[in-house]
Amino acid sequence: MKKIVYLFAAVLLFASCAKEEIGGTATEALAGQWYVHVDAVDANGDLVYSDDELYGIGNFMLLTYNTAANTADELFVDDLESFWNFKVKVACSTSDKTFGNSDYADNIKYECGVKLYDGKILNGAATTPSGMPADSIVFFVEFDDDLTEVDDDVFEYTPDAYGFAKYRVSGFRYTGFTNDD
């Protein structure tokens with residue numbers, strides 16, 4: 001009887017040690033931690049101000065990740081309060097590795113509209129500072145609270161009042177290597 005109990009315990013032990021495959025999220029192809037910078041561009045996408053001339057933020061972390069619904073057609077883009085303090089849900093296509101919205105979406109961090117569009121992930125298209133290939137991310141973004149005072153206490157949305165129409169965010173997938181920071 002003792003042998004049967006030991007044999008049963010051994011079988012239970014081996015069964016509990018069996019590894020279960022952990023699956024990814026529905027937006028796994030687009031999700032990641034990114035090391036990015038922001039430039040101001042005109043309506044054609046041509047550079048007007050580099051980050052050094054604009055806000056001097058430098059490179060910062062940005063996250064793209066699935067929503068709680070974990071569907072393949074939407075994801076969050078979150079600047080971790082490093083640039084404009086935005087977190088916005090956008091439409092996406094995991095097969096094309098594209099994302100964005102055609103109109104302003106609600107910013108989850110504070111009350112403002114965020115138009116994030118023409119986003120894409122390009123596999124291996126970036127070169128990190130250490131010279132290694134990495135995935136690239138690029139998108140355009142506009143904020144409806146980017147207001148300009150046009151008269152005493154009268155504000156209107158004029159995205160090109162400063163000589164540019166939108167922001168281009170671009171960078172590479174974070175590698176974690178010190179030489180790439």
# chains A, B, ... in the order shown; residues from 1 in each chain; ligands from 1

$ select_by_dssp --residues "region 24-70 of chain A" --states "helix (DSSP H, G or I)" --output "VMD selection string"
chain A and resid 51 to 54

$ residues_around --residues "region 108-111 of chain A" --least-positions-apart "2" --cutoff "7 Å" --atoms "only C-alpha atoms" --output "JSON, numbers by chain"
{"A": [85, 86, 87, 88, 106]}

$ closest_residue --among "A:Glu28, A:Glu74, A:Asp152, A:Glu53" --to "Ala40 (chain A)" --atoms "only C-alpha atoms"
A:Glu53

$ residues_around --residues "region 20-27 of chain A" --least-positions-apart "3" --cutoff "12 Å" --atoms "only C-alpha atoms" --output "MDAnalysis selection string"
chainID A and resid 15:17 30:32 64:77 90:99

$ closest_atom_pairs --of "region 59-88 of chain A" --to "region 166-173 of chain A" --cutoff "10 Å" --atoms "only C-alpha atoms" --output "Markdown table"
| residue | atom | partner | partner_atom | distance |
| --- | --- | --- | --- | --- |
| A:Asn59 | CA | A:Gly171 | CA | 8.5 |
| A:Phe60 | CA | A:Gly171 | CA | 9.4 |
| A:Met61 | CA | A:Gly171 | CA | 9.6 |
| A:Leu62 | CA | A:Gly171 | CA | 9.4 |
| A:Leu63 | CA | A:Arg173 | CA | 9.7 |

$ closest_residue --among "A:Trp34, A:Tyr117, A:Tyr49, A:Phe140" --to "Asp103 (chain A)" --atoms "only C-alpha atoms"
A:Tyr117

$ atom_distance --atom1 "CA of Gly56 (chain A)" --atom2 "CA of Ser82 (chain A)"
11.5 Å

$ closest_residue --among "A:Ala165, A:Ala125, A:Ala29, A:Val36" --to "Asp180 (chain A)" --atoms "only C-alpha atoms"
A:Val36

$ closest_residue --among "A:Ile137, A:Glu142, A:Thr128, A:Asp42" --to "Thr178 (chain A)" --atoms "only C-alpha atoms"
A:Thr128

$ closest_residue --among "A:Phe164, A:Asn179, A:Asp145, A:Ala126" --to "Ser50 (chain A)" --atoms "only C-alpha atoms"
A:Phe164

$ atom_distance --atom1 "CA of Val138 (chain A)" --atom2 "CA of Asn123 (chain A)"
11.9 Å

$ atom_distance --atom1 "CA of Thr127 (chain A)" --atom2 "CA of Lys115 (chain A)"
27.6 Å

$ closest_residue --among "A:Tyr174, A:Ser102, A:Tyr55, A:Val38" --to "Pro133 (chain A)" --atoms "only C-alpha atoms"
A:Tyr174
